[in-house]
Amino acid sequence: MKAVNLEFPAVRESRITLDVNGRACAMTVEPRTHLADALREQCGLTATHLGCEHGVCGACTVEVDGAPQRACLQSAIRFAGKRVRTLEDFDDDAVMAQLRDAFSAEHALQCGYCTPGMLMTARDIVLRLPQADEVRIREELAGNLCRCTGYAGIVKAIRRVLNERAVGAPTENTHAA
Amino acid sequence: MKAVAYAFEAAASVDATTLALRAGGWGAKPIAGGQSLGAMLNLRLAQPETLVDLDGVAELATLREAADHVFFGAMTTHASIEDGRVPDPSGGLMPFVARSIAYRAVRNRGTLGGSLCHADPAADWVSTLPLLGATVIVAGEHSRREIAAAAFMTSAFETQLAEGELLVGVRVPRRSTDVRWSYRKFCRKTGEFSHATVGALADPADGTERLVLGALDGAPRIFEGASLLRDLSADAARRQALLDDAGQGLDDTRRALLAEMLRLALNDMEIPR
């Protein structure tokens, strides 16, 4: 029997250091390794989920230099020198704590697969669009797919946090004064 | 799925980028925001040998204001246009269009230049920039050339860019404060690619009247002429002739959607939303 001659392309590797959740993470990756794979496999940060891997489902949403981005669409190499924050870094974040409570109270998750991306997007909505109504929340959530909840609970949870913060803002000022 | 193995080069200038692109031939691709190319890589629809990273090319991130136009570097993001962090020469059209592109997480990284060069017929800037009469600036080995945005895209996913050329930026003429526009696209779901796009623009200051029909099988179709929009509103036969011309090859559903977007756009021009 003739041996099959398999030819594999040469593996190129790059040594990079990423700023993830305020820590320097050194790793060796191929140029084709996207950020989400690097976060999960090299940094051990598995809150960042992978759903579609083509930018539609939003499960891999992370914060890059203060704004949400997809982690599945670009080589990890391109994030060197940028500040990457994953859901793990928001344990002590006040807005995220409110969102976690609201997601619980409003049944905004069932299987939980979309939840990390939902929370990252929800936090962006709360901070960037404090006046958002239900229509705007639904528009902004279009980039995050959930196959369990029908979105009703997620929208309610975000509305709850927006309301809490709208009511809470003057109170905080009173305390400060 | 995962992308094929490719080499990655970070270029520091426009010349270094075009040099790397010439060295790599058609196997080399520049990557801007990567919000379309990244998906194409993961789906293995694109299998480049080399990607040339444009993040480090300062010139592509520049922005210049002149009396009669604004120059946007190719790396200007959709979100910066949406938020008004860059000047708007278009009387509100560009921020309006930017907000409807895909999703916020994509707009934070996706770029004007990248979207133009990707040349998806259903994308937004390939239709909007011709409507605004914009000019595309392209760098080659020895010189730069200018191409009217209306002529830049030649067919689906094809542009006038020659091997080794790089889109540097876009010059968008300033419209007057009296400019009126409409931009209608049909998406079943917020943020998905359009199934039918119609844009209209009228500027009484210089008499410009333009119409663009996009999300066709090929490049968008641009129509221009004095009183073009008023004539189309008044004359059903002219509307039908226009749709027959631009809608060639479309199935009945997409033709119907295109006709409806045209009706809404012409209506917007008479009674602004």
# chains A, B, ... in the order shown; residues from 1 in each chain; ligands from 1

$ residues_around --residues "Arg159 in chain A" --least-positions-apart "5" --cutoff "10 Å" --atoms "only C-alpha atoms" --output "PyMOL selection string"
chain A and resi 99+102+122+126+130-134+137+153-154+164-165

$ write_last_selection --atoms "N, CA and C atoms" --output "short mmCIF file (atom, residue, chain, number, x, y, z; two decimals), in the first residue's frame"
data_model
loop_
_atom_site.label_atom_id
_atom_site.label_comp_id
_atom_site.auth_asym_id
_atom_site.auth_seq_id
_atom_site.Cartn_x
_atom_site.Cartn_y
_atom_site.Cartn_z
N LEU A 99 -27.36 44.98 36.87
CA LEU A 99 -27.84 44.17 35.74
C LEU A 99 -28.00 42.70 36.12
N ALA A 102 -31.12 42.40 38.11
CA ALA A 102 -32.29 42.58 37.26
C ALA A 102 -32.50 41.38 36.34
N ALA A 122 -25.81 45.10 27.41
CA ALA A 122 -26.74 45.79 28.31
C ALA A 122 -26.03 46.92 29.05
N VAL A 126 -27.00 50.89 29.02
CA VAL A 126 -27.30 51.65 30.24
C VAL A 126 -26.41 52.89 30.36
N PRO A 130 -28.87 56.46 28.50
CA PRO A 130 -29.67 56.43 29.73
C PRO A 130 -31.15 56.73 29.49
N GLN A 131 -31.49 57.37 28.35
CA GLN A 131 -32.89 57.71 28.07
C GLN A 131 -33.59 56.65 27.22
N ALA A 132 -32.92 55.52 26.94
CA ALA A 132 -33.47 54.56 25.97
C ALA A 132 -34.84 54.04 26.40
N ASP A 133 -35.78 54.02 25.45
CA ASP A 133 -37.09 53.40 25.70
C ASP A 133 -37.05 51.96 25.18
N GLU A 134 -38.19 51.27 25.27
CA GLU A 134 -38.19 49.86 24.91
C GLU A 134 -37.80 49.64 23.45
N ILE A 137 -34.08 49.98 23.14
CA ILE A 137 -33.40 48.84 23.75
C ILE A 137 -33.42 47.64 22.80
N GLY A 153 -37.81 39.16 28.85
CA GLY A 153 -37.19 39.32 30.16
C GLY A 153 -35.94 40.17 30.11
N ILE A 154 -35.18 40.04 29.02
CA ILE A 154 -33.93 40.80 28.89
C ILE A 154 -34.25 42.29 28.76
N GLU A 164 -34.10 52.34 37.65
CA GLU A 164 -33.44 52.46 38.95
C GLU A 164 -32.43 53.59 38.95
N ARG A 165 -31.69 53.68 37.85
CA ARG A 165 -30.64 54.70 37.80
C ARG A 165 -31.22 56.10 37.59
#

$ select_by_dssp --residues "range 33-215 of chain B" --states "helix (DSSP H, G or I)" --output "VMD selection string"
chain B and resid 37 to 42 58 to 61 78 to 82 93 to 99 104 to 107 112 to 118 125 to 131 149 to 152

$ closest_atom_pairs --of "chain A" --to "chain B" --cutoff "9 Å" --atoms "only C-alpha atoms" --output "tab-separated table"
residue	atom	partner	partner_atom	distance
A:Pro9	CA	B:Ala5	CA	7.4
A:Ala10	CA	B:Ala5	CA	8.3
A:Val11	CA	B:Ala5	CA	7.3
A:Arg12	CA	B:Ala7	CA	7.1
A:Glu30	CA	B:Ala5	CA	7.7
A:Pro31	CA	B:Phe8	CA	6.0
A:Arg32	CA	B:Ala5	CA	5.8
A:Thr33	CA	B:Lys2	CA	7.9
A:His34	CA	B:Lys2	CA	8.6
A:Cys52	CA	B:Met1	CA	8.6
A:Glu53	CA	B:Asn42	CA	6.7
A:His54	CA	B:Ala39	CA	4.3
A:Gly55	CA	B:Ala39	CA	6.6
A:Val56	CA	B:Tyr103	CA	8.5
A:Gly58	CA	B:Ala105	CA	8.2
A:Thr61	CA	B:Ala105	CA	7.3
A:Val62	CA	B:Ala105	CA	8.8
A:Glu63	CA	B:Ala105	CA	9.0
A:Ala67	CA	B:Asn108	CA	6.9
A:Pro68	CA	B:Ala105	CA	5.0
A:Gln69	CA	B:Ala105	CA	4.3
A:Arg70	CA	B:Ala105	CA	6.1
A:Cys72	CA	B:Gly38	CA	7.8
A:Leu73	CA	B:Gly38	CA	4.4
A:Gln74	CA	B:Gly38	CA	5.7
A:Ser75	CA	B:Gly38	CA	8.4
A:Ile77	CA	B:Phe8	CA	8.7
A:Arg78	CA	B:Asp53	CA	7.9
A:Thr121	CA	B:Ala105	CA	8.1
A:Arg138	CA	B:Thr190	CA	8.9
A:Glu139	CA	B:Thr190	CA	6.4
A:Glu140	CA	B:Arg104	CA	7.1
A:Leu141	CA	B:Tyr103	CA	8.2
A:Ala142	CA	B:Thr190	CA	5.8
A:Gly143	CA	B:Tyr103	CA	5.1
A:Asn144	CA	B:Tyr103	CA	8.7

$ write_last_selection --atoms "C-alpha atoms" --output "mmCIF file, in the first residue's frame"
data_model
loop_
_atom_site.group_PDB
_atom_site.id
_atom_site.type_symbol
_atom_site.label_atom_id
_atom_site.label_comp_id
_atom_site.auth_asym_id
_atom_site.auth_seq_id
_atom_site.Cartn_x
_atom_site.Cartn_y
_atom_site.Cartn_z
ATOM 1 C CA PRO A 9 0.922 24.448 5.734
ATOM 2 C CA ALA A 10 3.729 25.728 7.940
ATOM 3 C CA VAL A 11 2.484 26.855 11.352
ATOM 4 C CA ARG A 12 3.356 30.482 12.018
ATOM 5 C CA GLU A 30 -1.061 31.747 15.383
ATOM 6 C CA PRO A 31 -1.996 34.901 13.448
ATOM 7 C CA ARG A 32 -5.334 33.282 12.616
ATOM 8 C CA THR A 33 -6.264 32.748 16.300
ATOM 9 C CA HIS A 34 -9.069 35.171 17.071
ATOM 10 C CA CYS A 52 -21.738 31.851 15.350
ATOM 11 C CA GLU A 53 -18.126 32.978 14.846
ATOM 12 C CA HIS A 54 -19.165 35.410 12.163
ATOM 13 C CA GLY A 55 -20.231 38.448 14.107
ATOM 14 C CA VAL A 56 -23.994 37.931 14.233
ATOM 15 C CA GLY A 58 -22.982 38.572 19.988
ATOM 16 C CA THR A 61 -18.878 40.536 22.941
ATOM 17 C CA VAL A 62 -16.059 42.025 25.056
ATOM 18 C CA GLU A 63 -15.022 45.576 25.868
ATOM 19 C CA ALA A 67 -16.461 50.060 23.862
ATOM 20 C CA PRO A 68 -18.062 46.689 23.071
ATOM 21 C CA GLN A 69 -16.616 44.694 20.190
ATOM 22 C CA ARG A 70 -16.836 41.210 18.766
ATOM 23 C CA CYS A 72 -14.493 36.376 17.137
ATOM 24 C CA LEU A 73 -13.766 38.545 14.104
ATOM 25 C CA GLN A 74 -10.149 39.565 14.469
ATOM 26 C CA SER A 75 -6.781 38.053 15.150
ATOM 27 C CA ILE A 77 -2.537 39.927 17.565
ATOM 28 C CA ARG A 78 -4.507 43.048 16.672
ATOM 29 C CA THR A 121 -24.243 44.935 25.541
ATOM 30 C CA ARG A 138 -34.709 46.276 21.264
ATOM 31 C CA GLU A 139 -32.880 48.021 18.413
ATOM 32 C CA GLU A 140 -29.621 48.001 20.388
ATOM 33 C CA LEU A 141 -30.100 44.340 21.381
ATOM 34 C CA ALA A 142 -30.472 43.222 17.742
ATOM 35 C CA GLY A 143 -26.814 42.197 17.696
ATOM 36 C CA ASN A 144 -27.224 39.654 20.498
#

$ select_by_dssp --residues "chain A" --states "strand (DSSP E)" --output "list in words"
Ser14, Arg15, Ile16, Thr17, Leu18, Asp19, Val20, Arg23, Ala24, Cys25, Ala26, Met27, Thr28, Val29, Val62, Glu63, Val64, Ala67, Pro68, Gln69, Arg83, Val84 and Arg85 of chain A

$ residues_around --residues "Ala38 in chain A" --least-positions-apart "3" --cutoff "12 Å" --atoms "only C-alpha atoms" --output "ChimeraX atom specification"
/A:16-18,20,25-35,41-46,48-50,60,71-72,74-80,84

$ write_last_selection --atoms "C-alpha atoms" --output "short mmCIF file (atom, residue, chain, number, x, y, z; two decimals), in the first residue's frame"
data_model
loop_
_atom_site.label_atom_id
_atom_site.label_comp_id
_atom_site.auth_asym_id
_atom_site.auth_seq_id
_atom_site.Cartn_x
_atom_site.Cartn_y
_atom_site.Cartn_z
CA ILE A 16 2.22 38.58 22.06
CA THR A 17 1.24 40.22 25.33
CA LEU A 18 -2.34 41.35 25.77
CA VAL A 20 -6.71 41.59 29.63
CA CYS A 25 -1.15 38.03 29.52
CA ALA A 26 1.78 36.70 27.47
CA MET A 27 0.94 33.98 24.99
CA THR A 28 1.98 32.29 21.77
CA VAL A 29 -0.72 32.27 19.09
CA GLU A 30 -1.06 31.75 15.38
CA PRO A 31 -2.00 34.90 13.45
CA ARG A 32 -5.33 33.28 12.62
CA THR A 33 -6.26 32.75 16.30
CA HIS A 34 -9.07 35.17 17.07
CA LEU A 35 -9.36 37.05 20.36
CA GLU A 41 -7.65 28.92 25.73
CA GLN A 42 -4.65 31.05 26.64
CA CYS A 43 -6.04 33.21 29.46
CA GLY A 44 -8.53 30.67 30.85
CA LEU A 45 -11.31 33.27 30.72
CA THR A 46 -14.30 31.24 29.61
CA THR A 48 -16.56 34.91 26.57
CA HIS A 49 -18.68 32.45 24.58
CA LEU A 50 -18.56 31.50 20.91
CA CYS A 60 -18.38 36.81 22.26
CA ALA A 71 -14.01 38.93 19.94
CA CYS A 72 -14.49 36.38 17.14
CA GLN A 74 -10.15 39.57 14.47
CA SER A 75 -6.78 38.05 15.15
CA ALA A 76 -5.73 38.26 18.80
CA ILE A 77 -2.54 39.93 17.57
CA ARG A 78 -4.51 43.05 16.67
CA PHE A 79 -5.49 43.60 20.32
CA ALA A 80 -1.93 44.07 21.57
CA VAL A 84 -9.49 44.27 26.76
#

$ closest_residue --among "B:Phe72, B:Phe96, B:Phe186, B:Trp125" --to "Arg255 in chain B" --atoms "only C-alpha atoms"
B:Phe186

$ atom_distance --atom1 "CA of Gly51 in chain A" --atom2 "CA of Met120 in chain A"
15.2 Å

$ atom_distance --atom1 "CA of Ala196 in chain B" --atom2 "CA of Ser80 in chain B"
25.4 Å

$ residues_around --residues "range 110-115 of chain A" --least-positions-apart "5" --cutoff "7 Å" --atoms "only C-alpha atoms" --output "VMD selection string"
chain A and resid 59 145 to 146 148 to 149

$ write_last_selection --atoms "N, CA and C atoms" --output "PDB file, in the first residue's frame"
ATOM      1  N   ALA A  59     -22.463  36.548  21.291  1.00  0.00           N
ATOM      2  CA  ALA A  59     -22.072  35.850  22.518  1.00  0.00           C
ATOM      3  C   ALA A  59     -20.639  36.165  22.935  1.00  0.00           C
ATOM      4  N   LEU A 145     -28.120  37.453  20.016  1.00  0.00           N
ATOM      5  CA  LEU A 145     -29.206  36.480  19.842  1.00  0.00           C
ATOM      6  C   LEU A 145     -29.410  35.659  21.111  1.00  0.00           C
ATOM      7  N   CYS A 146     -30.690  35.454  21.475  1.00  0.00           N
ATOM      8  CA  CYS A 146     -31.060  34.564  22.575  1.00  0.00           C
ATOM      9  C   CYS A 146     -32.109  33.615  22.041  1.00  0.00           C
ATOM     10  N   CYS A 148     -33.694  31.332  24.023  1.00  0.00           N
ATOM     11  CA  CYS A 148     -34.563  30.836  25.092  1.00  0.00           C
ATOM     12  C   CYS A 148     -35.682  31.800  25.461  1.00  0.00           C
ATOM     13  N   THR A 149     -35.341  33.062  25.684  1.00  0.00           N
ATOM     14  CA  THR A 149     -36.256  33.931  26.428  1.00  0.00           C
ATOM     15  C   THR A 149     -37.249  34.696  25.576  1.00  0.00           C
TER      16      THR A 149
END

$ residues_around --residues "Glu260 in chain B" --least-positions-apart "4" --cutoff "12 Å" --atoms "only C-alpha atoms" --output "ChimeraX atom specification"
/B:184-186,195-198,213,239-240,243,253-256,264-267

$ write_last_selection --atoms "N, CA and C atoms" --output "CSV table (one decimal), in the first residue's frame"
chain,number,residue,atom,x,y,z
B,184,ARG,N,-33.9,54.8,2.7
B,184,ARG,CA,-34.8,53.7,3.1
B,184,ARG,C,-34.2,52.4,2.7
B,185,LYS,N,-34.2,51.4,3.7
B,185,LYS,CA,-33.8,50.1,3.4
B,185,LYS,C,-34.7,49.1,4.0
B,186,PHE,N,-34.9,47.9,3.4
B,186,PHE,CA,-35.7,46.9,4.0
B,186,PHE,C,-34.9,45.8,4.6
B,195,HIS,N,-32.3,44.1,2.0
B,195,HIS,CA,-32.9,43.4,0.8
B,195,HIS,C,-33.2,44.4,-0.3
B,196,ALA,N,-33.4,45.6,0.0
B,196,ALA,CA,-33.7,46.7,-1.0
B,196,ALA,C,-33.4,48.0,-0.4
B,197,THR,N,-32.6,48.8,-1.1
B,197,THR,CA,-32.2,50.1,-0.5
B,197,THR,C,-32.5,51.2,-1.6
B,198,VAL,N,-33.1,52.3,-1.1
B,198,VAL,CA,-33.3,53.5,-2.0
B,198,VAL,C,-32.9,54.7,-1.2
B,213,LEU,N,-30.3,53.4,-6.1
B,213,LEU,CA,-31.0,52.1,-5.8
B,213,LEU,C,-29.9,51.1,-5.5
B,239,ARG,N,-41.3,56.0,-13.0
B,239,ARG,CA,-40.9,55.2,-11.9
B,239,ARG,C,-40.7,53.7,-12.3
B,240,GLN,N,-41.7,53.2,-13.1
B,240,GLN,CA,-41.7,51.8,-13.5
B,240,GLN,C,-40.5,51.6,-14.4
B,243,LEU,N,-37.4,51.3,-12.3
B,243,LEU,CA,-37.3,50.0,-11.6
B,243,LEU,C,-37.0,48.9,-12.5
B,253,THR,N,-40.2,39.3,-5.6
B,253,THR,CA,-40.2,39.8,-4.2
B,253,THR,C,-39.3,41.0,-4.0
B,254,ARG,N,-38.0,40.8,-4.5
B,254,ARG,CA,-37.1,41.9,-4.3
B,254,ARG,C,-37.5,43.2,-5.2
B,255,ARG,N,-38.0,42.9,-6.3
B,255,ARG,CA,-38.5,44.0,-7.2
B,255,ARG,C,-39.6,44.8,-6.4
B,256,ALA,N,-40.5,44.0,-5.8
B,256,ALA,CA,-41.6,44.7,-5.0
B,256,ALA,C,-41.1,45.5,-3.9
B,264,LEU,N,-41.5,55.0,-0.7
B,264,LEU,CA,-41.3,55.7,0.6
B,264,LEU,C,-40.3,56.8,0.5
B,265,ALA,N,-39.2,56.6,-0.2
B,265,ALA,CA,-38.2,57.6,-0.3
B,265,ALA,C,-38.7,58.9,-1.0
B,266,LEU,N,-39.4,58.7,-2.1
B,266,LEU,CA,-40.0,59.8,-2.8
B,266,LEU,C,-41.0,60.6,-1.9
B,267,ASN,N,-41.7,59.8,-1.2
B,267,ASN,CA,-42.7,60.4,-0.2
B,267,ASN,C,-42.0,61.2,0.9

$ atom_distance --atom1 "CA of Gly199 in chain B" --atom2 "CA of Ala32 in chain B"
26.1 Å

$ closest_residue --among "B:Ala219, B:Ser182, B:Val212, B:Thr128" --to "Gln160 in chain B" --atoms "only C-alpha atoms"
B:Ala219
